[in-house]
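A.B. asks: Sharing coords-v1.txt here; it has compact mmCIF, C-alpha atoms and all ligand atoms.
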# COMPACT_ATOMS: atom_id res chain seq x y z
CA MET A 1 154.63 8.80 53.96
CA SER A 2 155.53 9.73 50.38
CA ASP A 3 152.93 10.58 47.78
CA ILE A 4 154.26 7.85 45.54
CA LEU A 5 153.68 5.11 48.05
CA ALA A 6 150.42 6.60 49.21
CA GLY A 7 149.19 6.14 45.62
CA GLY A 8 150.93 2.81 45.02
CA ARG A 9 149.96 0.65 47.99
CA GLU A 10 152.11 -2.34 47.13
CA PRO A 11 154.49 -4.12 49.45
CA VAL A 12 157.70 -2.27 48.77
CA ALA A 13 159.82 -5.33 49.33
CA GLY A 14 157.80 -6.98 46.58
CA ALA A 15 156.76 -10.22 48.27
CA ALA A 16 153.77 -11.00 50.46
CA GLY A 17 154.70 -10.25 54.03
CA GLY A 18 157.26 -7.71 52.85
CA PHE A 19 157.99 -4.50 54.70
CA GLY A 20 155.65 -1.53 54.49
CA ARG A 21 152.55 -1.02 56.59
CA ASP A 22 150.51 -0.02 53.54
CA ALA A 23 151.24 -3.45 52.14
CA GLU A 24 149.03 -5.01 54.76
CA ARG A 25 146.10 -2.84 54.01
CA GLY A 26 145.64 -3.62 50.29
CA ALA A 27 145.00 -0.59 48.11
CA GLY A 28 143.82 0.98 44.86
CA ARG A 29 145.54 0.21 41.59
CA GLY A 30 144.82 3.10 39.22
CA ALA A 31 146.74 3.46 35.94
CA ASP A 32 148.50 6.55 37.24
CA ALA A 33 149.47 4.76 40.41
CA GLY A 34 150.81 1.86 38.31
CA SER A 35 153.08 4.05 36.22
CA GLU A 36 154.25 5.92 39.30
CA ARG A 37 155.01 2.59 40.91
CA ALA A 38 156.99 1.43 37.88
CA GLY A 39 158.98 4.66 38.01
CA PHE A 40 159.61 4.19 41.71
CA TYR A 41 160.81 0.58 41.28
CA GLY A 42 162.90 1.58 38.25
CA SER A 43 164.67 4.23 40.24
CA LEU A 44 165.15 1.83 43.19
CA GLU A 45 166.71 -0.76 40.88
CA ARG A 46 169.00 1.82 39.34
CA ARG A 47 170.11 2.94 42.80
CA ALA A 48 170.65 -0.65 43.97
CA ARG A 49 172.77 -1.41 40.86
CA ALA A 50 174.84 1.75 41.38
CA ALA A 51 175.40 0.77 45.03
CA GLU A 52 176.59 -2.71 44.01
CA GLN A 53 179.08 -1.25 41.56
CA ALA A 54 180.37 1.33 44.02
CA PRO A 55 183.99 0.92 45.21
CA GLY A 56 184.57 -1.14 48.39
CA TYR A 57 184.10 -0.09 52.01
CA GLY A 58 186.51 2.59 53.07
CA HIS A 59 188.26 2.92 49.71
CA ASP A 60 188.51 6.71 50.06
CA SER A 61 189.28 6.73 53.80
CA VAL A 62 192.60 7.04 55.56
CA ILE A 63 191.16 5.19 58.59
CA ALA A 64 188.76 2.31 57.99
CA CYS A 65 187.52 0.13 60.88
CA ASP A 66 185.10 -2.60 59.96
CA ARG A 67 183.27 -4.55 62.67
CA LEU A 68 186.19 -4.12 65.03
CA VAL A 69 186.10 -6.29 68.15
CA ARG A 70 188.43 -6.16 71.16
CA ILE A 71 187.86 -8.53 74.04
CA PHE A 72 189.95 -8.27 77.20
CA THR A 73 190.11 -11.15 79.61
CA ALA A 74 190.93 -10.35 83.21
CA ASP A 75 190.45 -12.91 86.02
CA ARG A 76 188.56 -15.14 83.59
CA ILE A 77 186.02 -12.39 82.98
CA GLU A 78 185.64 -11.19 79.43
CA VAL A 79 185.14 -7.51 78.71
CA GLN A 80 184.04 -6.65 75.21
CA ALA A 81 185.58 -3.20 74.92
CA LEU A 82 184.79 -2.93 71.19
CA GLN A 83 181.74 -4.75 69.91
CA GLY A 84 181.82 -4.50 66.14
CA LEU A 85 182.83 -0.88 65.72
CA ASP A 86 182.68 0.73 62.27
CA LEU A 87 184.48 3.98 61.57
CA LEU A 88 185.61 5.74 58.40
CA VAL A 89 187.75 8.86 58.49
CA ARG A 90 188.68 10.68 55.29
CA LYS A 91 192.09 12.07 54.56
CA GLY A 92 192.38 15.61 55.91
CA ASP A 93 189.55 15.26 58.43
CA LEU A 94 189.69 16.58 61.99
CA VAL A 95 187.43 14.35 64.08
CA ALA A 96 186.48 14.48 67.76
CA LEU A 97 185.65 11.18 69.42
CA VAL A 98 183.35 11.40 72.45
CA GLY A 99 181.63 8.88 74.72
CA ALA A 100 181.03 7.86 78.31
CA SER A 101 183.85 6.48 80.43
CA GLY A 102 184.46 2.83 79.52
CA SER A 103 182.79 3.11 76.11
CA GLY A 104 185.97 1.99 74.31
CA LYS A 105 187.60 5.23 73.12
CA SER A 106 191.11 4.51 74.40
CA THR A 107 190.84 0.90 73.27
CA LEU A 108 190.13 2.12 69.75
CA LEU A 109 192.92 4.69 69.81
CA ASN A 110 195.46 2.15 71.07
CA ILE A 111 194.55 -0.13 68.19
CA LEU A 112 194.82 2.71 65.67
CA ALA A 113 198.18 3.64 67.19
CA GLY A 114 199.46 0.11 66.58
CA LEU A 115 199.95 -0.46 70.33
CA ASP A 116 197.22 -3.09 70.63
CA VAL A 117 195.76 -5.69 68.28
CA PRO A 118 192.02 -6.22 67.79
CA THR A 119 190.43 -9.60 68.51
CA ALA A 120 188.44 -9.57 65.26
CA GLY A 121 187.27 -7.34 62.45
CA SER A 122 189.50 -5.25 60.27
CA ALA A 123 191.31 -1.95 60.63
CA THR A 124 193.47 -0.17 58.09
CA VAL A 125 195.25 3.14 58.45
CA ALA A 126 196.88 4.77 55.42
CA GLY A 127 196.78 1.40 53.66
CA CYS A 128 198.45 -0.52 56.56
CA ASP A 129 196.48 -3.54 57.77
CA LEU A 130 196.63 -3.38 61.58
CA LEU A 131 195.75 -7.06 62.06
CA THR A 132 198.36 -8.61 59.83
CA MET A 133 201.42 -6.40 60.40
CA ASN A 134 204.50 -8.21 61.71
CA ALA A 135 206.66 -6.75 64.50
CA LYS A 136 208.99 -4.92 62.09
CA GLU A 137 206.11 -3.42 60.11
CA ARG A 138 204.38 -2.41 63.35
CA LEU A 139 207.48 -0.54 64.50
CA ARG A 140 207.74 1.26 61.17
CA TYR A 141 204.00 2.01 61.34
CA ARG A 142 204.33 3.60 64.80
CA ARG A 143 207.32 5.68 63.74
CA GLU A 144 206.19 6.85 60.32
CA VAL A 145 202.47 6.49 59.76
CA VAL A 146 200.94 7.66 63.07
CA GLY A 147 201.80 10.24 65.69
CA PHE A 148 200.36 10.04 69.20
CA VAL A 149 199.64 12.52 71.99
CA TRP A 150 198.69 11.19 75.45
CA GLN A 151 196.69 12.86 78.14
CA GLN A 152 199.48 12.63 80.71
CA THR A 153 201.84 15.42 79.70
CA ALA A 154 204.81 13.62 81.27
CA ARG A 155 204.26 10.57 79.09
CA ASN A 156 204.79 12.45 75.84
CA LEU A 157 208.29 13.84 76.35
CA MET A 158 211.75 12.72 77.46
CA PRO A 159 212.48 14.71 80.66
CA PHE A 160 216.22 15.05 80.03
CA LEU A 161 215.92 16.43 76.47
CA THR A 162 215.03 19.98 75.42
CA ALA A 163 211.87 20.64 73.40
CA ALA A 164 213.87 20.77 70.15
CA GLN A 165 215.73 17.55 71.02
CA ASN A 166 212.44 15.84 71.88
CA VAL A 167 211.08 16.75 68.43
CA ALA A 168 214.28 15.57 66.70
CA LEU A 169 214.31 12.23 68.56
CA PRO A 170 211.69 10.36 66.46
CA MET A 171 213.56 11.49 63.33
CA GLN A 172 216.76 9.94 64.72
CA LEU A 173 214.98 6.68 65.48
CA ASN A 174 213.75 6.60 61.95
CA GLY A 175 215.71 6.03 58.76
CA GLU A 176 219.34 6.71 57.98
CA ARG A 177 221.82 7.14 60.80
CA ARG A 178 224.75 8.81 59.09
CA ALA A 179 224.63 11.21 56.20
CA PRO A 180 226.29 14.58 55.70
CA GLY A 181 224.19 17.39 57.12
CA LEU A 182 221.58 15.01 58.56
CA ASN A 183 221.65 16.44 62.07
CA LYS A 184 221.34 19.96 60.71
CA ARG A 185 218.33 18.99 58.59
CA ARG A 186 216.66 17.35 61.60
CA ALA A 187 217.31 20.37 63.80
CA ALA A 188 215.89 22.61 61.07
CA ARG A 189 212.73 20.50 60.81
CA ALA A 190 212.33 20.49 64.61
CA ALA A 191 212.65 24.29 64.60
CA GLU A 192 210.10 24.57 61.77
CA LEU A 193 207.59 22.41 63.65
CA LEU A 194 207.98 24.38 66.88
CA GLU A 195 207.53 27.57 64.85
CA ALA A 196 204.38 26.22 63.12
CA ILE A 197 202.89 25.37 66.49
CA GLY A 198 203.73 28.82 67.83
CA ILE A 199 206.41 27.93 70.40
CA PRO A 200 209.80 28.62 68.77
CA HIS A 201 210.92 30.43 71.93
CA LEU A 202 210.62 27.22 73.99
CA ALA A 203 213.06 25.19 71.87
CA ASP A 204 215.83 25.04 74.47
CA ARG A 205 213.72 24.30 77.54
CA ARG A 206 213.34 20.91 79.16
CA PRO A 207 209.82 19.59 80.03
CA ALA A 208 210.22 20.51 83.72
CA GLN A 209 210.71 24.13 82.63
CA LEU A 210 207.44 24.15 80.64
CA SER A 211 203.79 24.49 81.68
CA GLY A 212 201.40 21.59 81.06
CA GLY A 213 199.95 23.35 78.02
CA GLU A 214 203.41 24.11 76.62
CA GLN A 215 204.42 20.49 77.11
CA GLN A 216 201.36 19.34 75.16
CA ARG A 217 202.21 21.69 72.30
CA VAL A 218 205.74 20.30 72.20
CA ALA A 219 204.17 16.82 72.24
CA ILE A 220 202.13 17.74 69.15
CA ALA A 221 205.35 18.79 67.38
CA VAL A 222 206.93 15.46 68.45
CA ALA A 223 203.92 13.58 67.04
CA MET A 224 204.46 15.41 63.72
CA ALA A 225 208.23 14.81 63.59
CA ASN A 226 208.17 12.13 60.90
CA ASN A 227 205.30 13.74 59.01
CA PRO A 228 202.71 11.03 59.78
CA SER A 229 199.46 10.62 57.83
CA VAL A 230 197.44 10.46 61.03
CA VAL A 231 197.76 12.08 64.46
CA LEU A 232 195.86 10.47 67.34
CA ALA A 233 195.31 12.15 70.69
CA ASP A 234 193.68 10.63 73.79
CA GLU A 235 192.25 13.40 76.02
CA PRO A 236 195.16 15.76 75.22
CA THR A 237 193.50 18.61 77.13
CA GLY A 238 192.29 16.48 80.04
CA GLU A 239 194.79 17.90 82.53
CA LEU A 240 194.48 21.53 81.40
CA ASP A 241 192.22 24.52 82.07
CA SER A 242 189.88 25.58 79.30
CA GLU A 243 191.94 28.54 78.07
CA THR A 244 195.05 26.38 77.73
CA ALA A 245 192.92 23.66 76.14
CA ALA A 246 191.90 26.16 73.44
CA SER A 247 195.55 26.79 72.56
CA ILE A 248 196.19 23.03 72.31
CA PHE A 249 193.21 22.69 70.06
CA ASP A 250 194.57 25.51 67.86
CA ALA A 251 197.81 23.56 67.53
CA PHE A 252 195.88 20.49 66.34
CA ARG A 253 194.06 22.67 63.85
CA THR A 254 197.40 23.90 62.50
CA VAL A 255 198.63 20.31 62.21
CA ASN A 256 195.47 19.45 60.33
CA ARG A 257 195.12 22.45 58.02
CA GLU A 258 198.68 23.55 57.44
CA LEU A 259 200.71 20.38 57.87
CA GLY A 260 198.10 18.14 56.23
CA ALA A 261 197.67 15.42 58.90
CA THR A 262 194.36 13.71 59.54
CA VAL A 263 193.58 14.19 63.24
CA VAL A 264 191.45 12.13 65.64
CA ILE A 265 191.04 13.55 69.16
CA VAL A 266 189.32 11.77 72.05
CA THR A 267 187.86 14.46 74.26
CA HIS A 268 185.41 15.28 77.02
CA ASP A 269 185.85 18.96 76.33
CA PRO A 270 182.65 20.42 74.84
CA MET A 271 184.68 23.29 73.37
CA VAL A 272 186.79 20.89 71.29
CA ALA A 273 183.85 18.71 70.34
CA GLY A 274 181.85 21.82 69.41
CA GLU A 275 184.45 23.27 67.07
CA VAL A 276 185.30 20.36 64.81
CA ARG A 277 183.40 19.60 61.63
CA ARG A 278 182.68 16.06 62.76
CA THR A 279 182.11 14.59 66.23
CA VAL A 280 181.69 10.83 66.47
CA ALA A 281 180.07 9.33 69.59
CA ILE A 282 180.99 5.86 70.83
CA ARG A 283 178.52 3.93 72.96
CA ASP A 284 179.11 0.44 74.35
CA GLY A 285 182.03 -0.28 72.03
CA ARG A 286 180.35 0.90 68.85
CA THR A 287 180.07 4.16 66.98
CA SER A 288 176.50 5.22 67.69
CA SER A 289 175.95 8.70 66.29
CA GLU A 290 177.77 11.65 64.86
CA VAL A 291 177.30 15.38 64.58
CA LEU A 292 178.33 17.14 61.38
CA ARG A 293 178.78 20.90 61.29
CA SER A 294 179.08 23.24 58.36
CA THR A 295 179.58 26.97 58.16
CA LEU A 296 176.93 28.81 56.17
CA THR A 297 177.43 32.32 54.84
CA GLY A 298 174.24 34.40 54.68
CA GLU A 299 173.41 36.97 51.99
CA ASP A 300 174.70 39.75 54.23
CA GLY A 301 178.00 37.91 54.64
CA THR A 302 177.41 36.81 58.24
CA GLU A 303 178.52 33.31 59.05
CA SER A 304 176.54 30.79 61.02
CA VAL A 305 177.21 27.17 61.92
CA SER A 306 174.64 24.56 61.07
CA GLU A 307 174.67 21.30 62.99
CA ARG A 308 172.92 17.98 62.41
CA GLU A 309 173.09 14.74 64.34
CA TYR A 310 173.13 11.44 62.45
CA VAL A 311 172.87 7.88 63.71
CA MET A 312 175.20 5.23 62.35
CA LEU A 313 174.11 2.73 59.75
CA ASP A 314 176.30 -0.36 59.83
CA ARG A 315 177.19 -2.49 56.85
CA THR A 316 174.47 -5.02 57.58
CA GLY A 317 171.88 -2.23 57.67
CA ARG A 318 171.47 -1.90 61.44
CA VAL A 319 170.84 1.52 62.92
CA GLN A 320 170.97 2.45 66.57
CA LEU A 321 168.02 4.76 67.23
CA PRO A 322 168.37 7.35 70.00
CA ARG A 323 167.11 5.93 73.30
CA GLU A 324 164.98 8.98 74.01
CA PHE A 325 163.20 8.64 70.64
CA LEU A 326 162.37 5.00 71.34
CA ALA A 327 161.17 5.81 74.85
CA ALA A 328 158.99 8.69 73.61
CA LEU A 329 157.05 6.36 71.30
CA GLY A 330 157.25 3.26 73.50
CA MET A 331 159.19 1.34 70.85
CA GLU A 332 160.91 -1.87 71.89
CA HIS A 333 161.73 -5.29 70.42
CA ARG A 334 160.10 -4.72 67.03
CA VAL A 335 159.16 -1.81 64.77
CA ALA A 336 157.49 -1.50 61.39
CA VAL A 337 159.48 0.11 58.58
CA ASP A 338 158.26 1.66 55.36
CA LEU A 339 160.24 2.64 52.31
CA ALA A 340 159.40 5.86 50.51
CA ALA A 341 161.13 7.43 47.52
CA ASP A 342 163.53 9.45 49.64
CA HIS A 343 163.29 8.15 53.18
CA ILE A 344 162.45 5.21 55.41
CA SER A 345 159.95 5.61 58.21
CA VAL A 346 159.94 3.64 61.45
CA TRP A 347 156.65 2.99 63.26
CA PRO A 348 155.71 1.51 66.64
CA ASP A 349 154.65 -2.13 66.52
CA ASP A 350 150.82 -2.04 66.29
CA HIS A 351 150.33 -5.68 65.27
CA PRO A 352 147.33 -7.30 67.02
CA ASP A 353 149.55 -10.14 68.33
CA ARG A 354 151.83 -7.70 70.02
N1 LIG B 401 193.77 -3.98 79.53
C1 LIG B 401 192.51 -4.16 79.87
N2 LIG B 401 192.09 -5.28 80.51
C2 LIG B 401 190.80 -5.48 80.84
N3 LIG B 401 189.81 -4.60 80.54
C3 LIG B 401 190.14 -3.47 79.91
C4 LIG B 401 191.51 -3.17 79.54
N4 LIG B 401 191.52 -1.97 78.90
C5 LIG B 401 190.25 -1.53 78.89
N5 LIG B 401 189.43 -2.41 79.49
C6 LIG B 401 187.96 -2.30 79.63
O1 LIG B 401 187.42 -2.01 78.35
C7 LIG B 401 186.38 -1.04 78.43
C8 LIG B 401 186.73 0.15 77.56
O2 LIG B 401 187.82 0.83 78.13
P1 LIG B 401 188.47 2.14 77.51
O3 LIG B 401 189.71 2.44 78.28
O4 LIG B 401 188.63 1.96 76.04
O5 LIG B 401 187.35 3.24 77.80
P2 LIG B 401 187.34 4.81 77.51
O6 LIG B 401 186.17 5.09 76.63
O7 LIG B 401 188.67 5.25 77.04
O8 LIG B 401 187.03 5.41 78.96
P3 LIG B 401 187.59 6.75 79.68
O9 LIG B 401 186.74 7.89 79.15
O10 LIG B 401 187.34 6.50 81.13
O11 LIG B 401 189.04 6.91 79.36
C9 LIG B 401 186.23 -0.73 79.90
O12 LIG B 401 185.18 -1.54 80.41
C10 LIG B 401 187.56 -1.12 80.50
O13 LIG B 401 187.41 -1.52 81.84
MG MG B 402 190.18 6.46 77.86
Output the structure of this file as structure tokens.

C.D. replies:
Amino acid sequence: MSDILAGGREPVAGAAGGFGRDAERGAGRGADAGSERAGFYGSLERRARAAEQAPGYGHDSVIACDRLVRIFTADRIEVQALQGLDLLVRKGDLVALVGASGSGKSTLLNILAGLDVPTAGSATVAGCDLLTMNAKERLRYRREVVGFVWQQTARNLMPFLTAAQNVALPMQLNGERRAPGLNKRRAARAAELLEAIGIPHLADRRPAQLSGGEQQRVAIAVAMANNPSVVLADEPTGELDSETAASIFDAFRTVNRELGATVVIVTHDPMVAGEVRRTVAIRDGRTSSEVLRSTLTGEDGTESVSEREYVMLDRTGRVQLPREFLAALGMEHRVAVDLAADHISVWPDDHPDR
């Protein structure tokens, strides 16, 4: 508990019955405590005003999902695959999405890819509203704004086209059909992409002549063909051994750092999840926690990675506390919360009527 509150002893929420266990106990009211309290409330008010004036939810994000719901109905049984999922991804981020089977990862990715429409909530990607797009806009969205890599290598490529032709295909489906030098420009871009991803020597091979890992790298080049803002990948290394998976991950890193795409990868691979700056966990159709990593450089120049896990705070103020924390303290149904100057504490329910 903070020193300020320990001296203050007033209900932090202001009214009788407000939050704060010290509120119930009544407490001293010294002059010093009074001025400290005034300072504390003043700073709270200032912070609350600043928060009200802050720009809207997701204003600086390339992906913004707000209370996203997707309900499937099969044989009259409803499955709530997404149950009010919130997710913000900033431009230029490389994010891993993890979660148990059935937690809603593919459902989310299909919505972000413009292949499926949510039941409720809102989702925008690069300024496109995924709920209100008409068929024509959706087609344009899928061709220009997002690129997609599937787990099944065969699903990503046309079997009868070479790697270079596969990369050029989305460019042909997009935009002008006839212009002098157009085919040459497309071929040049396809060659550049294959070069960037480290497989220029595979340009003339068909998928059947490529290994699974090589096919996935071509698929990444295909996803980048029309220079999308966002690249989405659903278990892109799921069918590959770990060494090959590392090379696929390197290709995504290139796409992210050198070609400037924001990348979201669904993965079970701890290597992938462990190397990205941000890993978001989905549980029961909601984002539940995330791990942020940063590289620290010590005084002697050695680098180390620091890692911290955060739980999600939704827009209505709900947090999902880790199950093991709740179990360790026997917390269920109801907890007491206290506000301090720089943190909020959560206590087991010790009310006599418990
Ligand atoms: N078309 C559908 N019709 C009915 N239910 C569906 C449909 N698609 C997904 N579901 C259900 O929605 C839930 C979430 O599925 P989803 O495929 O998003 O999970 P996931 O996290 O990708 O799992 P996995 O790791 O196994 O790929 C599951 O309970 C699934 O059975
Ligand atoms: Mg899935």

A.B. asks: What are the closest atom pairs, with distances in Å to one decimal, for all residues of chain A lying within 9 Å of ligand MG 402 (chain B)? Consider all atoms listed in the file, order rows by chain and residue number, and present the result as CSV.

C.D. replies:
residue,atom,partner,partner_atom,distance
A:Ser101,CA,B:MG402,MG,6.8
A:Gly102,CA,B:MG402,MG,7.0
A:Ser103,CA,B:MG402,MG,8.3
A:Gly104,CA,B:MG402,MG,7.1
A:Lys105,CA,B:MG402,MG,5.5
A:Ser106,CA,B:MG402,MG,4.1
A:Thr107,CA,B:MG402,MG,7.2
A:Leu109,CA,B:MG402,MG,8.7
A:Asp234,CA,B:MG402,MG,6.8
A:Glu235,CA,B:MG402,MG,7.5
A:Val266,CA,B:MG402,MG,7.9

A.B. asks: Here is a test: counting all atoms listed in the file, which residue of A:Met312, A:Leu82, A:Leu259, A:Ala188 is nearest to ligand LIG 401 (chain B)?

C.D. replies: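 Going through A:Met312, A:Leu82, A:Leu259, A:Ala188 one by one, the smallest distance to ligand LIG 401 (chain B) is for A:Leu82.
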
A.B. asks: How big is the axis-aligned box around the listed atoms of ligand LIG 401 (chain B) once 8 Å is added on each side, and where is its centre? Give both in Å to one decimal, as AutoDock Vina command-line options.

C.D. replies:
--center_x 189.5 --center_y 1.2 --center_z 78.9 --size_x 24.6 --size_y 29.4 --size_z 21.8

A.B. asks: Please indicate the distance in Å from CA of Val98 in chain A to CA of Ala64 in chain A, rounded to one decimal place.

C.D. replies: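 Result for CA of Val98 in chain A versus CA of Ala64 in chain A: 17.9 Å, one decimal.
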
A.B. asks: Taking 6 positions as the minimum chain separation for residues in the same chain, which residues sit within 9 Å of Trp347 in chain A when counting only C-alpha atoms? Answer as a ChimeraX atom specification.

C.D. replies: /A:21,329,331,335-338

A.B. asks: Choose the residue, out of A:Val264, A:Leu240, A:Leu88, A:Ala48, that has the smallest atom-to-atom separation from Gln215 in chain A; count all atoms listed in the file.

C.D. replies: A:Leu240

A.B. asks: Could range 333-347 of chain A be completed with N, CA and C atoms and returned as a PDB file, in the coordinates of the input?

C.D. replies:
ATOM      1  N   HIS A 333     161.735  -3.973  71.085  1.00  0.00           N
ATOM      2  CA  HIS A 333     161.730  -5.290  70.420  1.00  0.00           C
ATOM      3  C   HIS A 333     161.546  -5.230  68.911  1.00  0.00           C
ATOM      4  N   ARG A 334     160.473  -4.589  68.440  1.00  0.00           N
ATOM      5  CA  ARG A 334     160.100  -4.720  67.030  1.00  0.00           C
ATOM      6  C   ARG A 334     159.460  -3.423  66.568  1.00  0.00           C
ATOM      7  N   VAL A 335     159.795  -3.004  65.345  1.00  0.00           N
ATOM      8  CA  VAL A 335     159.160  -1.810  64.770  1.00  0.00           C
ATOM      9  C   VAL A 335     158.769  -2.125  63.337  1.00  0.00           C
ATOM     10  N   ALA A 336     157.860  -1.341  62.790  1.00  0.00           N
ATOM     11  CA  ALA A 336     157.490  -1.500  61.390  1.00  0.00           C
ATOM     12  C   ALA A 336     158.267  -0.464  60.590  1.00  0.00           C
ATOM     13  N   VAL A 337     158.757  -0.861  59.411  1.00  0.00           N
ATOM     14  CA  VAL A 337     159.480   0.110  58.580  1.00  0.00           C
ATOM     15  C   VAL A 337     158.841   0.212  57.206  1.00  0.00           C
ATOM     16  N   ASP A 338     158.821   1.391  56.684  1.00  0.00           N
ATOM     17  CA  ASP A 338     158.260   1.660  55.360  1.00  0.00           C
ATOM     18  C   ASP A 338     159.300   2.354  54.500  1.00  0.00           C
ATOM     19  N   LEU A 339     159.340   1.976  53.244  1.00  0.00           N
ATOM     20  CA  LEU A 339     160.240   2.640  52.310  1.00  0.00           C
ATOM     21  C   LEU A 339     159.471   3.647  51.483  1.00  0.00           C
ATOM     22  N   ALA A 340     159.960   4.848  51.404  1.00  0.00           N
ATOM     23  CA  ALA A 340     159.400   5.860  50.510  1.00  0.00           C
ATOM     24  C   ALA A 340     160.486   6.209  49.492  1.00  0.00           C
ATOM     25  N   ALA A 341     160.164   7.124  48.569  1.00  0.00           N
ATOM     26  CA  ALA A 341     161.130   7.430  47.520  1.00  0.00           C
ATOM     27  C   ALA A 341     162.424   8.010  48.082  1.00  0.00           C
ATOM     28  N   ASP A 342     162.324   8.783  49.149  1.00  0.00           N
ATOM     29  CA  ASP A 342     163.530   9.450  49.640  1.00  0.00           C
ATOM     30  C   ASP A 342     163.764   9.279  51.134  1.00  0.00           C
ATOM     31  N   HIS A 343     163.022   8.398  51.765  1.00  0.00           N
ATOM     32  CA  HIS A 343     163.290   8.150  53.180  1.00  0.00           C
ATOM     33  C   HIS A 343     162.675   6.822  53.617  1.00  0.00           C
ATOM     34  N   ILE A 344     163.030   6.409  54.814  1.00  0.00           N
ATOM     35  CA  ILE A 344     162.450   5.210  55.410  1.00  0.00           C
ATOM     36  C   ILE A 344     161.798   5.661  56.707  1.00  0.00           C
ATOM     37  N   SER A 345     160.560   5.229  56.938  1.00  0.00           N
ATOM     38  CA  SER A 345     159.950   5.610  58.210  1.00  0.00           C
ATOM     39  C   SER A 345     159.880   4.402  59.140  1.00  0.00           C
ATOM     40  N   VAL A 346     159.931   4.681  60.420  1.00  0.00           N
ATOM     41  CA  VAL A 346     159.940   3.640  61.450  1.00  0.00           C
ATOM     42  C   VAL A 346     158.729   3.872  62.347  1.00  0.00           C
ATOM     43  N   TRP A 347     157.902   2.843  62.527  1.00  0.00           N
ATOM     44  CA  TRP A 347     156.650   2.990  63.260  1.00  0.00           C
ATOM     45  C   TRP A 347     156.617   2.054  64.465  1.00  0.00           C
TER      46      TRP A 347
END
